[in-house]
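For reference, structure_34.pdb (PDB, C-alpha atoms, pLDDT in the B column):
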ATOM      1  CA  MET A   1      31.562  21.487  54.582  1.00 51.00           C
ATOM      2  CA  HIS A   2      28.879  19.488  56.303  1.00 56.00           C
ATOM      3  CA  THR A   3      26.155  21.540  54.589  1.00 51.00           C
ATOM      4  CA  LYS A   4      27.812  21.084  51.193  1.00 52.00           C
ATOM      5  CA  ALA A   5      27.963  17.314  51.716  1.00 53.00           C
ATOM      6  CA  ILE A   6      24.262  17.180  52.550  1.00 48.00           C
ATOM      7  CA  LEU A   7      23.397  19.220  49.457  1.00 42.00           C
ATOM      8  CA  ALA A   8      25.541  16.976  47.261  1.00 50.00           C
ATOM      9  CA  ARG A   9      23.855  13.830  48.588  1.00 55.00           C
ATOM     10  CA  THR A  10      20.404  15.400  48.116  1.00 44.00           C
ATOM     11  CA  LEU A  11      21.199  16.362  44.533  1.00 38.00           C
ATOM     12  CA  ALA A  12      22.515  12.881  43.749  1.00 48.00           C
ATOM     13  CA  LEU A  13      19.368  11.286  45.186  1.00 41.00           C
ATOM     14  CA  ALA A  14      17.120  13.623  43.167  1.00 43.00           C
ATOM     15  CA  LEU A  15      18.978  12.804  39.953  1.00 37.00           C
ATOM     16  CA  ALA A  16      18.730   9.077  40.672  1.00 44.00           C
ATOM     17  CA  LEU A  17      14.987   9.302  41.254  1.00 37.00           C
ATOM     18  CA  ALA A  18      14.499  11.335  38.094  1.00 42.00           C
ATOM     19  CA  GLY A  19      16.440   8.769  36.068  1.00 46.00           C
ATOM     20  CA  SER A  20      14.383   5.941  37.529  1.00 42.00           C
ATOM     21  CA  ALA A  21      11.114   7.682  36.690  1.00 42.00           C
ATOM     22  CA  SER A  22      12.284   8.342  33.158  1.00 41.00           C
ATOM     23  CA  ALA A  23      13.236   4.694  32.657  1.00 43.00           C
ATOM     24  CA  GLN A  24       9.817   3.554  33.867  1.00 44.00           C
ATOM     25  CA  ALA A  25       7.854   6.039  31.723  1.00 40.00           C
ATOM     26  CA  PRO A  26       5.740   4.379  29.015  1.00 45.00           C
ATOM     27  CA  ALA A  27       6.658   4.811  25.357  1.00 45.00           C
ATOM     28  CA  THR A  28       4.977   7.737  23.626  1.00 44.00           C
ATOM     29  CA  ASP A  29       2.567   7.388  20.724  1.00 48.00           C
ATOM     30  CA  ALA A  30       5.136   9.066  18.462  1.00 48.00           C
ATOM     31  CA  ALA A  31       7.366   5.997  18.826  1.00 57.00           C
ATOM     32  CA  ALA A  32       4.612   3.619  17.711  1.00 76.00           C
ATOM     33  CA  ALA A  33       4.874   2.100  14.245  1.00 83.00           C
ATOM     34  CA  PRO A  34       2.493   3.501  11.604  1.00 90.00           C
ATOM     35  CA  GLU A  35      -0.700   1.478  11.218  1.00 94.00           C
ATOM     36  CA  ILE A  36      -2.124   0.246   7.934  1.00 96.00           C
ATOM     37  CA  LYS A  37      -5.859   0.922   7.679  1.00 94.00           C
ATOM     38  CA  VAL A  38      -8.107  -0.914   5.228  1.00 93.00           C
ATOM     39  CA  ASN A  39     -11.591  -0.098   3.971  1.00 92.00           C
ATOM     40  CA  VAL A  40     -13.580  -2.577   1.862  1.00 93.00           C
ATOM     41  CA  THR A  41     -16.530  -1.421  -0.248  1.00 91.00           C
ATOM     42  CA  SER A  42     -18.866  -3.181  -2.672  1.00 89.00           C
ATOM     43  CA  THR A  43     -20.996  -1.879  -5.540  1.00 86.00           C
ATOM     44  CA  PRO A  44     -23.864  -2.606  -5.768  1.00 88.00           C
ATOM     45  CA  ALA A  45     -23.559  -5.472  -3.300  1.00 86.00           C
ATOM     46  CA  GLY A  46     -20.939  -7.898  -2.058  1.00 88.00           C
ATOM     47  CA  PHE A  47     -20.517 -11.393  -3.418  1.00 93.00           C
ATOM     48  CA  SER A  48     -18.899 -14.683  -2.477  1.00 94.00           C
ATOM     49  CA  VAL A  49     -17.033 -16.874  -4.951  1.00 96.00           C
ATOM     50  CA  ALA A  50     -18.482 -19.908  -3.160  1.00 95.00           C
ATOM     51  CA  ALA A  51     -21.736 -19.269  -5.023  1.00 94.00           C
ATOM     52  CA  ASP A  52     -19.903 -19.799  -8.324  1.00 96.00           C
ATOM     53  CA  ARG A  53     -18.635 -23.278  -7.590  1.00 95.00           C
ATOM     54  CA  GLY A  54     -19.674 -25.494 -10.487  1.00 94.00           C
ATOM     55  CA  LYS A  55     -19.818 -22.622 -12.993  1.00 97.00           C
ATOM     56  CA  PRO A  56     -17.095 -22.114 -15.633  1.00 98.00           C
ATOM     57  CA  VAL A  57     -15.023 -19.196 -14.300  1.00 98.00           C
ATOM     58  CA  PHE A  58     -12.628 -16.913 -16.181  1.00 98.00           C
ATOM     59  CA  VAL A  59     -10.006 -15.056 -14.097  1.00 98.00           C
ATOM     60  CA  GLU A  60      -7.665 -12.229 -15.103  1.00 97.00           C
ATOM     61  CA  PHE A  61      -5.461  -9.889 -13.067  1.00 96.00           C
ATOM     62  CA  ALA A  62      -4.707  -6.855 -15.248  1.00 93.00           C
ATOM     63  CA  ALA A  63      -1.040  -6.435 -16.206  1.00 92.00           C
ATOM     64  CA  SER A  64       0.045  -9.578 -14.323  1.00 95.00           C
ATOM     65  CA  PRO A  65       0.191 -12.967 -16.067  1.00 97.00           C
ATOM     66  CA  ALA A  66       1.845 -14.387 -12.935  1.00 95.00           C
ATOM     67  CA  LEU A  67      -0.997 -13.383 -10.603  1.00 95.00           C
ATOM     68  CA  THR A  68      -3.544 -14.541 -13.184  1.00 97.00           C
ATOM     69  CA  ALA A  69      -1.906 -17.970 -13.343  1.00 96.00           C
ATOM     70  CA  GLU A  70      -1.627 -18.193  -9.550  1.00 95.00           C
ATOM     71  CA  LEU A  71      -5.305 -17.363  -9.033  1.00 96.00           C
ATOM     72  CA  ARG A  72      -6.370 -19.863 -11.693  1.00 96.00           C
ATOM     73  CA  GLN A  73      -4.274 -22.614 -10.148  1.00 95.00           C
ATOM     74  CA  THR A  74      -5.526 -21.909  -6.636  1.00 94.00           C
ATOM     75  CA  LEU A  75      -9.181 -21.826  -7.674  1.00 95.00           C
ATOM     76  CA  ALA A  76      -8.762 -25.029  -9.696  1.00 96.00           C
ATOM     77  CA  ALA A  77      -7.155 -26.732  -6.696  1.00 94.00           C
ATOM     78  CA  ALA A  78     -10.160 -25.663  -4.610  1.00 93.00           C
ATOM     79  CA  GLY A  79     -12.512 -27.419  -7.009  1.00 95.00           C
ATOM     80  CA  TYR A  80     -13.599 -24.557  -9.259  1.00 96.00           C
ATOM     81  CA  GLN A  81     -14.089 -25.057 -12.993  1.00 97.00           C
ATOM     82  CA  LEU A  82     -11.800 -22.683 -14.918  1.00 97.00           C
ATOM     83  CA  ALA A  83     -12.665 -21.451 -18.420  1.00 98.00           C
ATOM     84  CA  ASP A  84      -9.825 -20.902 -20.883  1.00 96.00           C
ATOM     85  CA  THR A  85     -11.464 -17.862 -22.481  1.00 97.00           C
ATOM     86  CA  ARG A  86     -13.906 -15.182 -21.402  1.00 96.00           C
ATOM     87  CA  ALA A  87     -16.378 -16.347 -24.059  1.00 96.00           C
ATOM     88  CA  GLN A  88     -16.478 -19.842 -22.534  1.00 97.00           C
ATOM     89  CA  ALA A  89     -17.103 -18.558 -19.004  1.00 98.00           C
ATOM     90  CA  GLY A  90     -20.372 -18.268 -17.165  1.00 97.00           C
ATOM     91  CA  VAL A  91     -18.722 -15.935 -14.630  1.00 98.00           C
ATOM     92  CA  SER A  92     -15.619 -13.735 -14.926  1.00 97.00           C
ATOM     93  CA  TYR A  93     -13.429 -12.175 -12.226  1.00 97.00           C
ATOM     94  CA  ASP A  94     -11.399  -9.146 -13.344  1.00 95.00           C
ATOM     95  CA  PHE A  95      -8.783  -7.723 -10.969  1.00 95.00           C
ATOM     96  CA  ASP A  96      -6.993  -4.385 -11.076  1.00 92.00           C
ATOM     97  CA  GLY A  97      -5.409  -1.912  -8.666  1.00 91.00           C
ATOM     98  CA  ALA A  98      -2.824   0.777  -8.055  1.00 91.00           C
ATOM     99  CA  PHE A  99      -0.475   2.240  -5.456  1.00 92.00           C
ATOM    100  CA  GLN A 100      -0.034   5.991  -5.008  1.00 90.00           C
ATOM    101  CA  ALA A 101       2.028   8.051  -2.574  1.00 91.00           C
ATOM    102  CA  LEU A 102       2.462  11.772  -1.949  1.00 89.00           C
ATOM    103  CA  ARG A 103       5.037  13.618   0.172  1.00 88.00           C
ATOM    104  CA  PRO A 104       3.121  16.859   0.925  1.00 85.00           C
ATOM    105  CA  ALA A 105       6.138  18.995   1.863  1.00 83.00           C
ATOM    106  CA  THR A 106       7.856  18.536  -1.503  1.00 84.00           C
ATOM    107  CA  ASN A 107       5.085  17.270  -3.799  1.00 84.00           C
ATOM    108  CA  ARG A 108       7.069  14.106  -4.499  1.00 88.00           C
ATOM    109  CA  THR A 109       4.908  11.241  -5.747  1.00 88.00           C
ATOM    110  CA  ALA A 110       5.088   7.554  -6.576  1.00 90.00           C
ATOM    111  CA  GLU A 111       2.605   5.520  -8.592  1.00 89.00           C
ATOM    112  CA  VAL A 112       2.460   1.949  -9.905  1.00 91.00           C
ATOM    113  CA  ARG A 113      -0.239  -0.391 -11.134  1.00 90.00           C
ATOM    114  CA  ALA A 114      -0.822  -3.465  -8.973  1.00 93.00           C
ATOM    115  CA  GLY A 115      -0.124  -5.955 -11.756  1.00 93.00           C
ATOM    116  CA  GLU A 116       3.033  -4.154 -12.864  1.00 92.00           C
ATOM    117  CA  PHE A 117       4.279  -4.122  -9.277  1.00 94.00           C
ATOM    118  CA  ALA A 118       3.665  -7.857  -8.944  1.00 94.00           C
ATOM    119  CA  GLU A 119       5.559  -8.536 -12.167  1.00 95.00           C
ATOM    120  CA  GLY A 120       8.432  -6.114 -11.556  1.00 92.00           C
ATOM    121  CA  SER A 121      11.507  -5.953  -9.380  1.00 88.00           C
ATOM    122  CA  GLY A 122      13.306  -3.239  -7.464  1.00 86.00           C
ATOM    123  CA  GLU A 123      11.902  -0.203  -5.703  1.00 90.00           C
ATOM    124  CA  VAL A 124       9.005   1.902  -6.915  1.00 92.00           C
ATOM    125  CA  ALA A 125      10.428   5.109  -8.415  1.00 91.00           C
ATOM    126  CA  THR A 126       9.388   8.548  -7.187  1.00 91.00           C
ATOM    127  CA  LYS A 127       9.066  11.690  -9.288  1.00 87.00           C
ATOM    128  CA  SER A 128       8.773  15.429  -8.905  1.00 81.00           C
ATOM    129  CA  ALA A 129       7.513  16.736 -12.227  1.00 52.00           C
ATOM    130  CA  ARG A 130       4.200  18.040 -13.508  1.00 45.00           C
ATOM    131  CA  GLY A 131       2.126  15.492 -15.376  1.00 48.00           C
ATOM    132  CA  LYS A 132      -1.061  13.487 -15.423  1.00 48.00           C
ATOM    133  CA  SER A 133      -1.784  11.303 -12.439  1.00 52.00           C
ATOM    134  CA  PHE A 134      -1.750   7.534 -12.861  1.00 48.00           C
ATOM    135  CA  MET A 135      -5.381   6.391 -13.031  1.00 48.00           C
ATOM    136  CA  ILE A 136      -7.230   3.205 -13.914  1.00 46.00           C
ATOM    137  CA  SER A 137     -10.609   3.494 -15.594  1.00 41.00           C
ATOM    138  CA  ALA A 138     -11.751   0.186 -14.114  1.00 44.00           C
ATOM    139  CA  ASN A 139     -10.879   1.325 -10.601  1.00 48.00           C
ATOM    140  CA  PRO A 140     -13.322   4.028  -9.426  1.00 43.00           C
ATOM    141  CA  VAL A 141     -11.551   4.654  -6.112  1.00 48.00           C
ATOM    142  CA  VAL A 142      -8.201   5.472  -7.706  1.00 50.00           C
ATOM    143  CA  THR A 143      -9.833   7.482 -10.485  1.00 46.00           C
ATOM    144  CA  LEU A 144     -11.750   9.542  -7.948  1.00 38.00           C
ATOM    145  CA  LEU A 145      -8.746  10.341  -5.757  1.00 41.00           C
ATOM    146  CA  GLY A 146      -5.966  10.495  -8.331  1.00 41.00           C
ATOM    147  CA  THR A 147      -6.245  14.180  -9.222  1.00 35.00           C
ATOM    148  CA  VAL A 148      -4.536  15.280  -5.998  1.00 34.00           C
ATOM    149  CA  PHE A 149      -1.236  13.944  -7.279  1.00 37.00           C
ATOM    150  CA  ALA A 150      -0.455  16.630  -9.890  1.00 34.00           C
ATOM    151  CA  ASN A 151       2.861  18.228  -8.902  1.00 33.00           C
ATOM    152  CA  ALA A 152       5.529  20.576 -10.232  1.00 31.00           C
ATOM    153  CA  GLY A 153       9.303  21.058 -10.333  1.00 36.00           C
ATOM    154  CA  ASN A 154      12.489  19.158 -11.196  1.00 42.00           C
ATOM    155  CA  SER A 155      11.463  17.975 -14.636  1.00 42.00           C
ATOM    156  CA  THR A 156      14.925  16.674 -15.516  1.00 43.00           C
ATOM    157  CA  GLY A 157      15.581  14.524 -12.460  1.00 54.00           C
ATOM    158  CA  ALA A 158      19.141  15.858 -12.180  1.00 53.00           C
ATOM    159  CA  ARG A 159      18.509  17.351  -8.738  1.00 54.00           C
ATOM    160  CA  ASP A 160      17.067  14.033  -7.528  1.00 58.00           C
ATOM    161  CA  ALA A 161      20.196  12.151  -8.560  1.00 52.00           C
ATOM    162  CA  THR A 162      22.471  14.652  -6.816  1.00 49.00           C
ATOM    163  CA  ASN A 163      20.480  14.541  -3.577  1.00 52.00           C
ATOM    164  CA  ILE A 164      20.375  10.743  -3.567  1.00 50.00           C
ATOM    165  CA  ALA A 165      24.131  10.601  -4.051  1.00 51.00           C
ATOM    166  CA  THR A 166      24.829  13.065  -1.231  1.00 50.00           C
ATOM    167  CA  VAL A 167      22.184  12.421   1.460  1.00 42.00           C
ATOM    168  CA  GLY A 168      20.294   9.368   0.217  1.00 52.00           C
ATOM    169  CA  ASP A 169      16.988  11.160  -0.431  1.00 66.00           C
ATOM    170  CA  PRO A 170      15.870  12.741  -3.729  1.00 65.00           C
ATOM    171  CA  ASP A 171      14.527  15.808  -1.895  1.00 67.00           C
ATOM    172  CA  GLY A 172      17.722  16.354   0.088  1.00 59.00           C
ATOM    173  CA  LYS A 173      17.848  16.642   3.869  1.00 59.00           C
ATOM    174  CA  CYS A 174      14.906  17.827   5.932  1.00 65.00           C
ATOM    175  CA  LEU A 175      15.792  20.804   8.148  1.00 51.00           C
ATOM    176  CA  ALA A 176      12.392  21.920   9.468  1.00 58.00           C
ATOM    177  CA  LYS A 177       8.775  20.685   9.724  1.00 59.00           C
ATOM    178  CA  CYS A 178       9.922  17.189   8.836  1.00 71.00           C
ATOM    179  CA  GLU A 179       6.515  15.654   9.588  1.00 63.00           C
ATOM    180  CA  GLY A 180       5.460  16.928   6.163  1.00 60.00           C
ATOM    181  CA  TRP A 181       8.064  14.650   4.600  1.00 83.00           C
ATOM    182  CA  ILE A 182       6.093  11.551   5.549  1.00 91.00           C
ATOM    183  CA  TYR A 183       4.509   9.879   2.525  1.00 92.00           C
ATOM    184  CA  ARG A 184       0.728   9.616   2.476  1.00 91.00           C
ATOM    185  CA  GLN A 185       0.198   6.271   0.774  1.00 92.00           C
ATOM    186  CA  ARG A 186      -2.672   4.168  -0.490  1.00 92.00           C
ATOM    187  CA  ALA A 187      -3.111   0.974  -2.456  1.00 93.00           C
ATOM    188  CA  VAL A 188      -6.359  -0.199  -4.003  1.00 92.00           C
ATOM    189  CA  ILE A 189      -7.195  -3.654  -5.308  1.00 93.00           C
ATOM    190  CA  ASN A 190     -10.597  -4.363  -6.769  1.00 92.00           C
ATOM    191  CA  VAL A 191     -12.315  -7.328  -8.350  1.00 94.00           C
ATOM    192  CA  SER A 192     -15.317  -7.140 -10.645  1.00 93.00           C
ATOM    193  CA  ARG A 193     -17.582 -10.168 -10.939  1.00 96.00           C
ATOM    194  CA  THR A 194     -19.559 -10.324 -14.187  1.00 96.00           C
ATOM    195  CA  GLU A 195     -22.306 -12.819 -14.974  1.00 97.00           C
ATOM    196  CA  GLY A 196     -24.351 -12.012 -18.055  1.00 96.00           C
ATOM    197  CA  ASP A 197     -25.371  -8.374 -17.805  1.00 95.00           C
ATOM    198  CA  ALA A 198     -24.908  -8.220 -14.024  1.00 95.00           C
ATOM    199  CA  LYS A 199     -21.688  -6.750 -12.613  1.00 93.00           C
ATOM    200  CA  GLN A 200     -20.564  -6.467  -8.991  1.00 93.00           C
ATOM    201  CA  THR A 201     -17.352  -4.805  -7.798  1.00 92.00           C
ATOM    202  CA  THR A 202     -15.597  -5.120  -4.451  1.00 93.00           C
ATOM    203  CA  SER A 203     -12.648  -2.839  -3.636  1.00 92.00           C
ATOM    204  CA  ALA A 204     -10.160  -2.794  -0.763  1.00 93.00           C
ATOM    205  CA  LEU A 205      -8.315   0.453  -0.028  1.00 93.00           C
ATOM    206  CA  ALA A 206      -5.274   0.244   2.272  1.00 94.00           C
ATOM    207  CA  THR A 207      -3.702   3.475   3.580  1.00 93.00           C
ATOM    208  CA  ILE A 208      -0.746   4.510   5.721  1.00 94.00           C
ATOM    209  CA  ALA A 209       1.374   7.584   6.491  1.00 94.00           C
ATOM    210  CA  ALA A 210       5.018   6.566   6.818  1.00 95.00           C
ATOM    211  CA  PRO A 211       8.543   7.865   6.018  1.00 92.00           C
ATOM    212  CA  ALA A 212       9.287   5.078   3.520  1.00 94.00           C
ATOM    213  CA  LEU A 213       7.195   3.740   0.651  1.00 95.00           C
ATOM    214  CA  GLN A 214       5.372   0.497   1.473  1.00 95.00           C
ATOM    215  CA  PRO A 215       3.646  -0.659  -1.734  1.00 95.00           C
ATOM    216  CA  GLY A 216       4.166  -4.361  -1.050  1.00 95.00           C
ATOM    217  CA  GLU A 217       2.709  -4.189   2.445  1.00 95.00           C
ATOM    218  CA  LEU A 218      -0.280  -2.103   1.324  1.00 96.00           C
ATOM    219  CA  PHE A 219      -1.057  -4.315  -1.672  1.00 95.00           C
ATOM    220  CA  ALA A 220      -0.783  -7.418   0.525  1.00 96.00           C
ATOM    221  CA  ARG A 221      -3.178  -6.039   3.159  1.00 96.00           C
ATOM    222  CA  ALA A 222      -5.649  -4.791   0.536  1.00 95.00           C
ATOM    223  CA  TYR A 223      -5.722  -8.152  -1.209  1.00 96.00           C
ATOM    224  CA  ALA A 224      -5.972 -10.067   2.071  1.00 96.00           C
ATOM    225  CA  ASP A 225      -9.039  -8.073   3.126  1.00 96.00           C
ATOM    226  CA  LEU A 226     -10.501  -8.409  -0.363  1.00 96.00           C
ATOM    227  CA  ALA A 227     -10.031 -12.175  -0.178  1.00 96.00           C
ATOM    228  CA  THR A 228     -11.671 -12.310   3.253  1.00 96.00           C
ATOM    229  CA  ALA A 229     -14.677 -10.338   2.021  1.00 96.00           C
ATOM    230  CA  THR A 230     -15.241 -12.418  -1.119  1.00 96.00           C
ATOM    231  CA  GLY A 231     -13.820 -15.861  -0.313  1.00 96.00           C
ATOM    232  CA  LEU A 232     -11.125 -15.521  -2.969  1.00 95.00           C
ATOM    233  CA  PRO A 233      -7.922 -17.572  -2.592  1.00 92.00           C
ATOM    234  CA  ALA A 234      -4.977 -16.024  -0.787  1.00 91.00           C
ATOM    235  CA  THR A 235      -1.807 -14.941  -2.571  1.00 88.00           C
ATOM    236  CA  GLY A 236       1.605 -14.244  -1.101  1.00 87.00           C
ATOM    237  CA  ARG A 237       3.012 -12.583  -4.211  1.00 88.00           C
ATOM    238  CA  PHE A 238       2.543  -8.982  -3.047  1.00 89.00           C
ATOM    239  CA  ALA A 239       4.097  -9.630   0.366  1.00 83.00           C
ATOM    240  CA  ALA A 240       7.010 -11.521  -1.195  1.00 85.00           C
ATOM    241  CA  ARG A 241       7.500  -8.779  -3.767  1.00 83.00           C
ATOM    242  CA  GLY A 242       7.603  -6.168  -0.990  1.00 73.00           C
ATOM    243  CA  LYS A 243      10.282  -8.077   0.937  1.00 75.00           C
ATOM    244  CA  ALA A 244      12.381  -8.356  -2.208  1.00 70.00           C
ATOM    245  CA  GLU A 245      12.735  -4.584  -2.551  1.00 66.00           C
TER     246      GLU A 245
END
Now that the file is in, can you turn its structure into structure tokens?
Amino acid sequence: MHTKAILARTLALALALAGSASAQAPATDAAAAPEIKVNVTSTPAGFSVAADRGKPVFVEFAASPALTAELRQTLAAAGYQLADTRAQAGVSYDFDGAFQALRPATNRTAEVRAGEFAEGSGEVATKSARGKSFMISANPVVTLLGTVFANAGNSTGARDATNIATVGDPDGKCLAKCEGWIYRQRAVINVSRTEGDAKQTTSALATIAAPALQPGELFARAYADLATATGLPATGRFAARGKAE
């Protein structure tokens, strides 16, 4: 009996020490939140809007009257001279962009133009059907990378609706190799500055791999870095739009 008591106390002590060590162990990298990465590029060279102060400036954000108006108001408040038409302007700023996502395991995709996202409401829809990828001719980064998003299957969408109703995901429930179900996502925003025959373009590409779509967060980070690089005014519309989803 004495031996059994000693063994019991030894086992209890070992379990206690193991529990303490486990509680003090640092969190693993797998538990860390996904990180948004941003890359800013300029062709042929970067520019700063500060150099255009005093020139009549025309501003347009493609597919978004609201963002166009916001940028005009902010630039005017900062002392810039705004032209009502492109013909009246000495310098023009033209914005465009897009969000794309791919779930490699199932070839599910999502695509939306930056201006349409800013103007819209609700979540960005996903699809699983063969078709042309969403591309913007004025956006070389998206045009270059867009071809990887061709996919096949489920042309009617009926399976998606059933899976959403039963398990909350259009692809159903993941049973194996679930890391492939993470969406590879990117959002690009670019601005082209045109003065006479000279044109300069600066683009910001934000990327992340995450289980849920994050178009608002990616657009917000891309625009923020674009604004930092060029001196453009900030906008909270993308971040606010993302929170509203």
- Counting all atoms listed in the file, what is within 9 Å of Leu71 in chain A, bar same-chain residues fewer than 6 positions away, as a PyMOL selection string? chain A and resi 59-61+232-235
Output C-alpha atoms for every residue in that selection, as an mmCIF file, in the frame of the given file.
data_model
loop_
_atom_site.group_PDB
_atom_site.id
_atom_site.type_symbol
_atom_site.label_atom_id
_atom_site.label_comp_id
_atom_site.auth_asym_id
_atom_site.auth_seq_id
_atom_site.Cartn_x
_atom_site.Cartn_y
_atom_site.Cartn_z
ATOM 1 C CA VAL A 59 -10.006 -15.056 -14.097
ATOM 2 C CA GLU A 60 -7.665 -12.229 -15.103
ATOM 3 C CA PHE A 61 -5.461 -9.889 -13.067
ATOM 4 C CA LEU A 232 -11.125 -15.521 -2.969
ATOM 5 C CA PRO A 233 -7.922 -17.572 -2.592
ATOM 6 C CA ALA A 234 -4.977 -16.024 -0.787
ATOM 7 C CA THR A 235 -1.807 -14.941 -2.571
#
- Apply the PyMOL selection byres ((chain A and resi 208) around 6) to the file shown and report the selected residues as a PyMOL selection string. chain A and resi 36+185+207+209
- Using only C-alpha atoms, which residue out of A:Ala89, A:Ala220, A:Ile182, A:Ala239 lies closest to Asn107 in chain A? A:Ile182
- Task: Would you translate the PyMOL selection byres ((chain A and resi 217) around 9) into the concrete set of residues it matches in this file, as a VMD selection string?
- Result: chain A and resid 36 214 to 216 218 to 222 238 to 239 242 to 243
Store the residues picked out above, limited to C-alpha atoms, as a PDB file, in the coordinates of the input.
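The file below, selection36.pdb, is the result:
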ATOM      1  CA  ILE A  36      -2.124   0.246   7.934  1.00 96.00           C
ATOM      2  CA  GLN A 214       5.372   0.497   1.473  1.00 95.00           C
ATOM      3  CA  PRO A 215       3.646  -0.659  -1.734  1.00 95.00           C
ATOM      4  CA  GLY A 216       4.166  -4.361  -1.050  1.00 95.00           C
ATOM      5  CA  LEU A 218      -0.280  -2.103   1.324  1.00 96.00           C
ATOM      6  CA  PHE A 219      -1.057  -4.315  -1.672  1.00 95.00           C
ATOM      7  CA  ALA A 220      -0.783  -7.418   0.525  1.00 96.00           C
ATOM      8  CA  ARG A 221      -3.178  -6.039   3.159  1.00 96.00           C
ATOM      9  CA  ALA A 222      -5.649  -4.791   0.536  1.00 95.00           C
ATOM     10  CA  PHE A 238       2.543  -8.982  -3.047  1.00 89.00           C
ATOM     11  CA  ALA A 239       4.097  -9.630   0.366  1.00 83.00           C
ATOM     12  CA  GLY A 242       7.603  -6.168  -0.990  1.00 73.00           C
ATOM     13  CA  LYS A 243      10.282  -8.077   0.937  1.00 75.00           C
TER      14      LYS A 243
END
- Message: Under the rule that only C-alpha atoms are counted, which of A:Leu213, A:Val49, A:Ile189, A:Val112 is the nearest residue to Tyr80 in chain A?
- Response: A:Val49
- Write out as a ChimeraX atom specification each polymer residue whose atoms come within 7 Å of Gly97 in chain A, counting only C-alpha atoms; drop sequence neighbours fewer than 2 positions from it. /A:113-114,139,188-190
- Message: Which residues, named as in the file, does the PyMOL selection byres ((chain A and resi 194) around 10) pick out? Answer as JSON, numbers by chain.
- Response: {"A": [57, 58, 89, 90, 91, 92, 93, 94, 191, 192, 193, 195, 196, 197, 198, 199, 200, 201]}
- Message: Between CA of Ala212 in chain A and CA of Ala187 in chain A, what is the distance in Å, rounded to a tenth?
- Response: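 Atom-to-atom, CA of Ala212 in chain A to CA of Ala187 in chain A, that is 14.4 Å.
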- Residues near Leu102 in chain A, cut-off 10 Å, only C-alpha atoms, skip fewer than 3 positions along chain, as a PyMOL selection string: chain A and resi 105-111+126-127+148-151+181-186+209+213
- Atom pair CA of Thr230 in chain A / CA of Ser48 in chain A: separation (Å):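 That distance, rounded to one decimal, is 4.5 Å.
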- Out of A:Ala229, A:Ser42, A:Asp52, A:Ala240, which residue has the shortest atom-to-atom distance to Leu75 in chain A when counting all atoms listed in the file? A:Asp52
